[in-house]
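Have a look at data14.txt below; it lists compact mmCIF, C-alpha atoms.
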# COMPACT_ATOMS: atom_id res chain seq x y z
CA THR A 1 120.73 56.38 72.39
CA SER A 2 122.66 58.17 75.10
CA PRO A 3 120.99 59.72 78.16
CA VAL A 4 121.68 63.14 76.67
CA GLU A 5 120.01 62.17 73.38
CA ASP A 6 117.08 60.74 75.34
CA GLU A 7 116.65 64.04 77.15
CA ILE A 8 116.73 65.99 73.93
CA SER A 9 114.29 63.70 72.17
CA GLY A 10 111.93 63.67 75.15
CA GLU A 11 111.66 59.85 75.04
CA ALA A 12 111.73 57.82 78.25
CA HIS A 13 113.22 54.31 77.89
CA THR A 14 112.22 51.36 80.05
CA ALA A 15 114.71 49.01 81.74
CA GLN A 16 113.97 46.43 79.01
CA GLY A 17 115.02 48.87 76.32
CA GLY A 18 111.53 49.65 75.05
CA VAL A 19 110.18 53.15 74.57
CA ALA A 20 107.71 54.31 77.19
CA SER A 21 105.33 57.25 76.91
CA PRO A 22 107.13 60.44 75.83
CA VAL A 23 108.23 62.63 78.73
CA ALA A 24 108.67 66.32 78.08
CA PRO A 25 111.93 67.78 79.39
CA PRO A 26 111.50 70.07 82.40
CA ILE A 27 110.73 73.67 81.60
CA GLN A 28 113.43 76.03 82.85
CA HIS A 29 112.11 79.19 84.49
CA TYR A 30 113.99 82.50 84.57
CA ALA A 31 113.81 85.82 86.41
CA TYR A 32 114.83 89.23 85.10
CA VAL A 33 115.58 92.27 87.27
CA ALA A 34 115.63 95.80 85.83
CA ASN A 35 118.46 97.82 87.43
CA GLN A 36 118.20 101.53 86.72
CA THR A 37 121.48 102.66 88.28
CA ASP A 38 123.41 100.10 86.25
CA ASP A 39 121.28 100.46 83.11
CA ALA A 40 121.27 96.67 82.96
CA LEU A 41 119.13 93.57 83.40
CA SER A 42 120.17 90.80 85.78
CA ILE A 43 119.33 87.26 84.67
CA TYR A 44 118.60 84.30 86.97
CA LYS A 45 117.67 80.65 86.64
CA ILE A 46 114.88 79.63 89.02
CA ASP A 47 115.02 76.33 90.87
CA THR A 48 111.30 75.52 90.90
CA THR A 49 111.77 73.07 93.79
CA THR A 50 113.65 75.30 96.21
CA GLY A 51 112.83 78.72 94.75
CA LYS A 52 116.53 79.62 94.71
CA LEU A 53 117.72 82.12 92.14
CA GLU A 54 120.95 81.28 90.36
CA ALA A 55 122.68 84.31 88.86
CA ASN A 56 123.21 83.77 85.15
CA GLY A 57 124.77 86.97 83.89
CA SER A 58 123.35 90.30 82.83
CA VAL A 59 122.79 92.40 79.75
CA SER A 60 123.57 96.11 79.42
CA MET A 61 120.95 98.42 77.97
CA LEU A 62 123.16 99.65 75.14
CA LEU A 63 120.42 101.58 73.35
CA GLY A 64 118.12 102.31 76.28
CA THR A 65 118.43 104.00 79.63
CA LEU A 66 116.66 103.63 82.97
CA PRO A 67 114.99 100.24 82.43
CA THR A 68 111.89 99.98 84.60
CA LEU A 69 110.22 96.66 83.92
CA VAL A 70 110.45 93.54 81.76
CA ALA A 71 107.49 91.82 80.09
CA VAL A 72 107.73 88.27 78.71
CA ASP A 73 105.45 86.91 76.00
CA PRO A 74 103.34 83.78 76.73
CA SER A 75 105.61 81.55 74.66
CA ASN A 76 108.62 82.69 76.76
CA ARG A 77 110.55 83.40 73.54
CA PHE A 78 110.61 87.18 73.71
CA ALA A 79 111.26 89.77 76.41
CA TYR A 80 110.45 93.49 76.23
CA VAL A 81 111.91 96.24 78.41
CA ALA A 82 110.44 99.68 79.10
CA ASN A 83 113.26 102.25 79.11
CA SER A 84 112.04 105.30 81.00
CA GLY A 85 115.10 107.45 80.35
CA SER A 86 115.31 106.94 76.60
CA HIS A 87 111.53 106.79 75.99
CA ASN A 88 111.64 103.50 74.12
CA VAL A 89 111.13 99.74 74.38
CA SER A 90 113.86 97.16 73.80
CA ALA A 91 113.08 93.69 72.43
CA TYR A 92 115.08 90.55 73.17
CA LEU A 93 115.14 86.91 72.12
CA ILE A 94 115.23 84.58 75.14
CA ASN A 95 117.60 81.61 75.04
CA THR A 96 115.34 78.90 76.45
CA MET A 97 118.32 76.89 77.70
CA THR A 98 120.10 79.66 79.59
CA GLY A 99 117.76 82.65 79.83
CA ALA A 100 120.31 84.82 78.02
CA LEU A 101 118.92 87.78 76.09
CA THR A 102 119.86 88.71 72.52
CA PRO A 103 118.70 92.12 71.21
CA ILE A 104 116.10 92.09 68.44
CA GLY A 105 116.91 95.12 66.33
CA ALA A 106 116.96 98.65 67.71
CA PRO A 107 114.58 99.83 70.44
CA VAL A 108 111.25 101.23 69.25
CA GLY A 109 109.97 104.60 70.36
CA ALA A 110 107.23 104.81 72.97
CA GLY A 111 105.73 107.78 74.81
CA LEU A 112 107.53 109.87 77.39
CA ASN A 113 108.91 107.83 80.30
CA PRO A 114 107.48 104.35 79.73
CA THR A 115 107.17 102.71 83.14
CA SER A 116 104.98 99.63 82.76
CA LEU A 117 104.29 97.16 79.96
CA LYS A 118 102.39 93.93 79.39
CA VAL A 119 102.02 91.38 76.59
CA ASP A 120 98.47 90.19 75.92
CA PRO A 121 97.70 86.47 76.52
CA THR A 122 97.69 85.70 72.79
CA GLY A 123 101.24 87.02 72.46
CA ARG A 124 100.23 89.27 69.58
CA PHE A 125 100.18 92.69 71.22
CA LEU A 126 102.26 94.72 73.69
CA TYR A 127 100.84 97.62 75.70
CA VAL A 128 102.99 100.26 77.38
CA ALA A 129 101.97 102.88 79.97
CA ASN A 130 103.99 106.08 79.56
CA GLN A 131 104.20 108.17 82.71
CA HIS A 132 104.15 111.46 80.81
CA GLY A 133 102.10 110.35 77.85
CA GLY A 134 99.40 107.86 77.00
CA VAL A 135 99.37 104.15 76.26
CA SER A 136 101.48 102.84 73.37
CA ALA A 137 100.34 99.71 71.52
CA PHE A 138 102.52 97.45 69.41
CA ARG A 139 101.99 94.38 67.25
CA ILE A 140 104.41 91.50 67.91
CA ASP A 141 105.76 89.49 64.99
CA SER A 142 105.17 85.89 66.05
CA ASN A 143 108.30 84.66 64.26
CA THR A 144 110.83 87.34 65.08
CA GLY A 145 109.46 89.22 68.10
CA VAL A 146 109.85 92.52 66.24
CA LEU A 147 107.50 95.29 67.40
CA THR A 148 105.42 97.45 65.07
CA SER A 149 103.46 100.44 66.31
CA ILE A 150 99.71 99.99 66.03
CA GLY A 151 98.98 103.71 65.93
CA PRO A 152 99.02 106.93 67.96
CA ASP A 153 99.20 106.63 71.73
CA VAL A 154 95.84 106.37 73.48
CA ALA A 155 95.05 108.90 76.20
CA ALA A 156 94.81 107.50 79.72
CA GLY A 157 94.48 110.44 82.07
CA VAL A 158 97.15 112.35 83.93
CA MET A 159 100.38 110.39 84.39
CA PRO A 160 99.65 106.77 83.39
CA LEU A 161 101.50 104.55 85.85
CA SER A 162 100.70 100.89 85.35
CA VAL A 163 99.07 98.61 82.78
CA ALA A 164 97.48 95.16 83.08
CA VAL A 165 95.79 92.86 80.56
CA GLU A 166 92.85 90.65 81.45
CA GLN A 167 93.41 86.90 81.03
CA THR A 168 91.19 86.34 77.99
CA GLY A 169 92.98 89.13 76.13
CA ARG A 170 89.85 91.25 75.68
CA PHE A 171 90.50 94.13 78.09
CA VAL A 172 93.34 96.42 79.20
CA TYR A 173 93.40 98.40 82.45
CA VAL A 174 95.60 101.43 83.12
CA THR A 175 96.03 103.41 86.33
CA SER A 176 96.79 107.11 86.25
CA GLY A 177 97.41 109.51 89.08
CA ASP A 178 98.78 112.91 89.96
CA PRO A 179 99.21 114.37 93.48
CA VAL A 180 98.74 117.94 92.25
CA ALA A 181 95.77 117.45 89.95
CA SER A 182 94.22 114.92 92.35
CA ALA A 183 93.18 112.92 89.30
CA ASN A 184 93.51 109.28 90.31
CA ASN A 185 91.64 106.89 88.07
CA ILE A 186 91.53 103.49 86.41
CA HIS A 187 90.92 103.42 82.67
CA ALA A 188 89.37 100.38 80.99
CA PHE A 189 89.85 99.57 77.31
CA SER A 190 88.63 96.82 75.01
CA ILE A 191 91.12 95.20 72.64
CA ASP A 192 90.25 94.78 68.97
CA ALA A 193 91.06 91.10 68.43
CA ILE A 194 92.26 91.73 64.89
CA THR A 195 94.17 94.99 65.11
CA GLY A 196 95.01 95.31 68.83
CA VAL A 197 93.58 98.85 68.87
CA LEU A 198 92.30 100.02 72.26
CA THR A 199 88.84 101.53 72.73
CA PRO A 200 87.71 103.04 76.06
CA VAL A 201 84.87 101.18 77.80
CA GLY A 202 82.64 102.26 80.65
CA VAL A 203 83.39 105.33 82.73
CA LEU A 204 86.49 106.40 84.61
CA VAL A 205 86.74 104.60 87.93
CA PRO A 206 88.20 106.65 90.80
CA ALA A 207 91.13 105.18 92.72
CA PRO A 208 92.87 106.21 95.96
CA ALA A 209 96.03 108.32 95.48
CA ILE A 210 98.42 107.39 93.90
CA PRO A 211 97.50 104.13 92.02
CA VAL A 212 101.06 103.01 91.25
CA ASN A 213 100.40 99.39 90.28
CA ILE A 214 97.56 97.26 88.92
CA THR A 215 97.16 93.53 88.39
CA VAL A 216 94.40 91.14 87.27
CA ASP A 217 93.86 87.92 89.21
CA PRO A 218 94.35 84.56 87.43
CA SER A 219 90.60 83.98 87.14
CA GLY A 220 90.21 87.21 85.18
CA LYS A 221 87.37 88.27 87.47
CA PHE A 222 89.08 90.84 89.70
CA VAL A 223 91.49 93.76 89.51
CA TYR A 224 93.71 94.89 92.38
CA VAL A 225 95.36 98.29 92.71
CA ALA A 226 98.12 99.40 95.09
CA SER A 227 97.94 103.12 95.94
CA GLY A 228 101.10 104.67 97.35
CA VAL A 229 100.10 108.00 98.89
CA SER A 230 96.97 106.60 100.53
CA SER A 231 98.76 103.37 101.60
CA SER A 232 95.81 101.28 100.47
CA VAL A 233 94.91 98.38 98.22
CA THR A 234 91.63 98.32 96.29
CA ALA A 235 89.68 95.49 94.70
CA PHE A 236 87.43 95.79 91.66
CA ALA A 237 85.19 93.26 89.91
CA ILE A 238 85.36 92.89 86.12
CA ASN A 239 82.18 92.74 84.06
CA ASN A 240 83.11 89.83 81.80
CA THR A 241 80.92 91.13 79.00
CA THR A 242 81.88 94.78 78.85
CA GLY A 243 85.14 94.89 80.80
CA ALA A 244 83.81 97.68 83.03
CA LEU A 245 84.97 97.74 86.65
CA THR A 246 82.89 97.87 89.83
CA LEU A 247 84.40 98.78 93.19
CA VAL A 248 84.57 95.87 95.63
CA GLY A 249 86.35 97.67 98.45
CA THR A 250 89.43 99.49 99.72
CA LEU A 251 91.43 98.65 102.83
CA PRO A 252 94.77 99.63 104.40
CA ALA A 253 97.74 98.06 102.66
CA GLY A 254 99.22 96.81 105.92
CA GLY A 255 102.37 98.88 105.41
CA SER A 256 103.27 102.36 104.22
CA ALA A 257 103.54 103.46 100.58
CA PRO A 258 102.65 100.22 98.77
CA ARG A 259 104.40 99.93 95.44
CA ALA A 260 103.17 96.75 93.78
CA VAL A 261 100.60 93.97 94.14
CA ALA A 262 100.75 90.39 92.86
CA VAL A 263 98.35 87.45 93.02
CA GLU A 264 99.64 83.87 93.17
CA SER A 265 98.57 81.33 90.56
CA SER A 266 95.68 79.74 92.50
CA GLY A 267 94.10 83.17 92.99
CA ARG A 268 93.67 82.65 96.75
CA PHE A 269 96.30 85.09 98.03
CA ALA A 270 97.53 88.58 97.12
CA TYR A 271 100.87 90.09 98.12
CA VAL A 272 101.65 93.81 98.40
CA VAL A 273 105.17 95.23 98.73
CA ASN A 274 105.44 98.44 100.75
CA VAL A 275 108.35 100.72 99.95
CA GLY A 276 107.84 102.99 102.97
CA SER A 277 107.95 100.24 105.58
CA ASN A 278 110.06 97.70 103.63
CA ASP A 279 107.69 94.79 104.12
CA VAL A 280 105.19 92.58 102.34
CA SER A 281 101.50 92.42 103.28
CA ILE A 282 99.52 89.24 102.71
CA PHE A 283 95.80 89.05 101.92
CA SER A 284 93.40 86.22 101.31
CA ILE A 285 90.99 86.61 98.40
CA ASP A 286 87.30 85.73 98.52
CA ALA A 287 86.81 83.64 95.38
CA ILE A 288 83.22 84.83 94.94
CA THR A 289 83.45 88.56 95.63
CA GLY A 290 87.17 89.29 95.24
CA THR A 291 87.24 90.90 98.69
CA LEU A 292 90.66 91.11 100.34
CA SER A 293 91.26 90.24 104.00
CA PRO A 294 94.59 90.25 105.87
CA ILE A 295 95.51 86.66 106.67
CA PRO A 296 94.99 85.94 110.40
CA VAL A 297 98.58 84.90 111.21
CA ASN A 298 101.64 86.94 110.22
CA PRO A 299 99.83 89.20 107.73
CA VAL A 300 102.95 91.36 107.28
CA VAL A 301 106.54 90.14 106.94
CA ALA A 302 109.73 92.21 106.84
CA ALA A 303 111.49 92.53 103.51
CA PRO A 304 115.22 92.49 104.33
CA GLY A 305 116.37 95.40 102.20
CA THR A 306 115.98 99.14 101.66
CA ASP A 307 113.44 100.76 99.35
CA ALA A 308 111.49 97.61 98.44
CA ARG A 309 110.22 98.52 94.98
CA PHE A 310 108.61 95.52 93.31
CA LEU A 311 107.57 91.92 93.76
CA THR A 312 106.41 89.01 91.69
CA VAL A 313 105.14 85.47 92.25
CA ASP A 314 106.73 82.58 90.38
CA ALA A 315 104.78 80.45 87.91
CA THR A 316 104.33 77.58 90.38
CA GLY A 317 102.68 79.82 92.96
CA LYS A 318 105.20 78.70 95.57
CA PHE A 319 107.61 81.63 95.81
CA VAL A 320 107.63 85.45 96.03
CA TYR A 321 110.58 87.55 94.89
CA VAL A 322 111.22 91.14 96.04
CA ALA A 323 113.56 93.68 94.42
CA TYR A 324 115.01 96.75 96.18
CA PHE A 325 116.21 100.06 94.82
CA ASN A 326 118.80 100.68 97.54
CA SER A 327 119.89 97.14 98.40
CA PRO A 328 121.84 95.15 95.78
CA HIS A 329 119.99 91.88 96.21
CA VAL A 330 116.72 90.08 95.55
CA SER A 331 114.83 88.35 98.37
CA THR A 332 113.15 84.97 98.03
CA PHE A 333 110.15 83.96 100.14
CA SER A 334 108.34 80.63 100.15
CA ILE A 335 104.53 80.60 100.15
CA ASN A 336 102.57 78.38 102.51
CA THR A 337 100.01 77.20 99.97
CA VAL A 338 97.46 76.54 102.71
CA THR A 339 97.68 79.75 104.75
CA GLY A 340 99.40 82.13 102.33
CA GLU A 341 102.12 82.94 104.90
CA LEU A 342 105.60 83.84 103.71
CA THR A 343 108.94 82.53 104.98
CA HIS A 344 112.14 84.32 103.99
CA LEU A 345 114.58 81.90 102.36
CA GLY A 346 117.51 84.18 101.56
CA THR A 347 118.88 86.70 99.08
CA GLU A 348 120.79 86.70 95.82
CA PRO A 349 123.02 89.58 94.64
CA THR A 350 121.76 91.76 91.82
CA GLY A 351 122.61 95.08 90.23
CA THR A 352 121.97 98.49 91.77
CA GLY A 353 118.84 100.56 91.55
CA SER A 354 116.46 97.64 91.04
CA VAL A 355 112.93 98.77 90.19
CA GLY A 356 111.28 95.72 88.64
CA ILE A 357 111.41 91.93 88.64
CA THR A 358 109.68 89.60 86.18
CA VAL A 359 109.55 85.82 85.84
CA THR A 360 108.94 83.57 82.83
CA ASN A 361 106.15 81.02 82.62
CA ALA A 362 103.94 83.13 84.89
CA LEU A 363 100.18 83.13 84.40
Can I see the file as structure tokens?
Amino acid sequence: TSPVEDEISGEAHTAQGGVASPVAPPIQHYAYVANQTDDALSIYKIDTTTGKLEANGSVSMLLGTLPTLVAVDPSNRFAYVANSGSHNVSAYLINTMTGALTPIGAPVGAGLNPTSLKVDPTGRFLYVANQHGGVSAFRIDSNTGVLTSIGPDVAAGVMPLSVAVEQTGRFVYVTSGDPVASANNIHAFSIDAITGVLTPVGVLVPAPAIPVNITVDPSGKFVYVASGVSSSVTAFAINNTTGALTLVGTLPAGGSAPRAVAVESSGRFAYVVNVGSNDVSIFSIDAITGTLSPIPVNPVVAAPGTDARFLTVDATGKFVYVAYFNSPHVSTFSINTVTGELTHLGTEPTGTGSVGITVTNAL
């Protein structure tokens, strides 16, 4: 067979011509950036060795406006986009060789101004936080990626802002906040394993104003919330039986107006992007309690752009990517896996009005 055929078949041949143990071809990772001004998604290949992003085209939101965030299913076959302007969600088939996106039918209606969305770890359900509505739930067809509404939107306080799903697929967490009503809370829901229906659990947990972003750490034991108006980041512990949250502690975000928080794959470090000060704060995580502490050396690094809106950590836990609303590029940082420190590696052009960045193969 030819080298190309060998790569496709996944078989590794010895120098003597025999067949060695099968070797799986490398998994290609991709990044998607939601650009609101362009009403388009930028597509990148990720070099998992260097972290470099290689621009690989874009797709226009023909039937959706103001894309805010992309969610990828665990199989990396389907991508879903929350369209805040058109109040719907677009579905796409991912080309695993190039990262290209092909629309799957017409967008499906969500609540008013969907801003955040997440696929559960089983890949069967999609949950969407609607800024001027509740939480929409959809069933995902495992063969086609088509979305079907599970039922009426579930209430989640005033102005739901961000949604996260716990790693075992049993619980959903939604932040909601409003500067006028001063109602800033985290809502916990259990997921019906058969239907995907959400049921509230525990009591409302107060959060500092305004809780713009929420994430669950890879261990599934802790929740972290970035609060913009109070410029703080808060840690909560998850009761693994009920899903209820208990406050661990709140501390300054390290910069002004934090916008998003991400935890790298080992669960030892958390990164917070601050839109007001255009920088990234770095925290170490206590594996037992979930407590956050600024790392001792270089706990804040400048993000070379204007209006730093979102960040994500790649699947290998080696790189951080930052998107900016008013700078047409994405920044790449390398992670020191021992100390958690970040080193800026460079930028890659993107569209305008970037508000979200998502990577495939992430935990």
Using all atoms listed in the file, which residues sit within 12 Å of Asn336 (chain A) once same-chain residues fewer than 6 positions away are excluded, as a PyMOL selection string? chain A and resi 264+268-269+282+295+297-298+317-320+342-344
Might you pull out every residue within 9 Å of Gly220 (chain A), with all atoms listed in the file counted and same-chain residues fewer than 3 positions away left off, and present them as number ranges by chain? A: 166-168, 216-217, 223, 238, 240
Using all atoms listed in the file, the residue out of A:Leu63, A:Val70, A:Ile104, A:Val201 with shortest distance to Val355 (chain A) is A:Val70
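In this structure, CA of Gly177 (chain A) sits 5.4 Å away from CA of Ile210 (chain A).
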Got a sec: who's within 9 Å of Val272 (chain A), counting all atoms listed in the file, leaving out chain neighbours fewer than 2 positions off, as JSON, numbers by chain? {"A": [226, 233, 253, 254, 255, 258, 259, 260, 261, 262, 263, 270, 274, 279, 280, 281, 282, 283, 310, 311]}
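Minimum distance to Val89 (chain A) across A:Asn76, A:Thr102, A:Ser162, A:Ser116 (counting all atoms listed in the file) occurs at A:Ser116.
Residue neighbourhood of Ser149 (chain A), excluding near-sequence residues (fewer than 6 positions): Asn88, Val89, Pro107, Val108, Gly109, Ala110, Gly111, Phe125, Leu126, Tyr127, Val128, Val135, Ser136, Ala137, Phe138, Arg139, Ile140, Asp141, Thr195, Gly196 and Val197 of chain A, at 12 Å, using all atoms listed in the file.
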Got time to write the residues from that selection, C-alpha atoms, as a CSV table (one decimal), in the coordinates of the input?
chain,number,residue,atom,x,y,z
A,88,ASN,CA,111.6,103.5,74.1
A,89,VAL,CA,111.1,99.7,74.4
A,107,PRO,CA,114.6,99.8,70.4
A,108,VAL,CA,111.2,101.2,69.2
A,109,GLY,CA,110.0,104.6,70.4
A,110,ALA,CA,107.2,104.8,73.0
A,111,GLY,CA,105.7,107.8,74.8
A,125,PHE,CA,100.2,92.7,71.2
A,126,LEU,CA,102.3,94.7,73.7
A,127,TYR,CA,100.8,97.6,75.7
A,128,VAL,CA,103.0,100.3,77.4
A,135,VAL,CA,99.4,104.2,76.3
A,136,SER,CA,101.5,102.8,73.4
A,137,ALA,CA,100.3,99.7,71.5
A,138,PHE,CA,102.5,97.4,69.4
A,139,ARG,CA,102.0,94.4,67.2
A,140,ILE,CA,104.4,91.5,67.9
A,141,ASP,CA,105.8,89.5,65.0
A,195,THR,CA,94.2,95.0,65.1
A,196,GLY,CA,95.0,95.3,68.8
A,197,VAL,CA,93.6,98.8,68.9
Point (95.7, 105.6, 102.7), cut-off 9 Å, counting all atoms listed in the file, residues as a PyMOL selection string: chain A and resi 208-209+227-233+251-253+256-257
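Coordinates place CA of Thr316 (chain A) at a distance of 10.8 Å from CA of Ile46 (chain A).
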Would you pick out the contacts of Ser60 (chain A) at 8 Å or less, using all atoms listed in the file, so that residues sharing its chain but fewer than 5 positions from it are not included, and give the list as number ranges by chain? A: 38-41
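Atom to atom, CA of Phe333 (chain A) and CA of Ala164 (chain A) stand 24.0 Å apart.
Checking A:Asp286, A:Asp120, A:Asp47, A:Glu54 one by one against Val330 (chain A), counting all atoms listed in the file, you find the shortest gap at A:Glu54.
Of the listed residues A:Tyr44, A:Tyr271, A:Phe236, A:Phe171, the one whose atoms come nearest to Val313 (chain A) is A:Tyr271, with distances taken using all atoms listed in the file.
Using all atoms listed in the file, the smallest distance between any of A:Ser75, A:Ser334, A:Thr144, A:Ser277 and Val300 (chain A) comes from A:Ser277.
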With only C-alpha atoms counted, which protein, DNA or RNA residues have an atom no more than 8 Å from (116.6, 85.4, 74.6) in the file frame? Please answer as a PDB file with C-alpha atoms, keeping the file's coordinate frame.
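Here's the written file selection_3.pdb:
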ATOM      1  CA  ARG A  77     110.550  83.400  73.540  1.00  0.00           C
ATOM      2  CA  PHE A  78     110.610  87.180  73.710  1.00  0.00           C
ATOM      3  CA  ALA A  79     111.260  89.770  76.410  1.00  0.00           C
ATOM      4  CA  TYR A  92     115.080  90.550  73.170  1.00  0.00           C
ATOM      5  CA  LEU A  93     115.140  86.910  72.120  1.00  0.00           C
ATOM      6  CA  ILE A  94     115.230  84.580  75.140  1.00  0.00           C
ATOM      7  CA  ASN A  95     117.600  81.610  75.040  1.00  0.00           C
ATOM      8  CA  THR A  96     115.340  78.900  76.450  1.00  0.00           C
ATOM      9  CA  GLY A  99     117.760  82.650  79.830  1.00  0.00           C
ATOM     10  CA  ALA A 100     120.310  84.820  78.020  1.00  0.00           C
ATOM     11  CA  LEU A 101     118.920  87.780  76.090  1.00  0.00           C
ATOM     12  CA  THR A 102     119.860  88.710  72.520  1.00  0.00           C
ATOM     13  CA  PRO A 103     118.700  92.120  71.210  1.00  0.00           C
TER      14      PRO A 103
END
Given all atoms listed in the file as the counted atoms, nearest of A:Val180, A:Val275, A:Ala106, A:Ala156 to Leu62 (chain A): A:Ala106
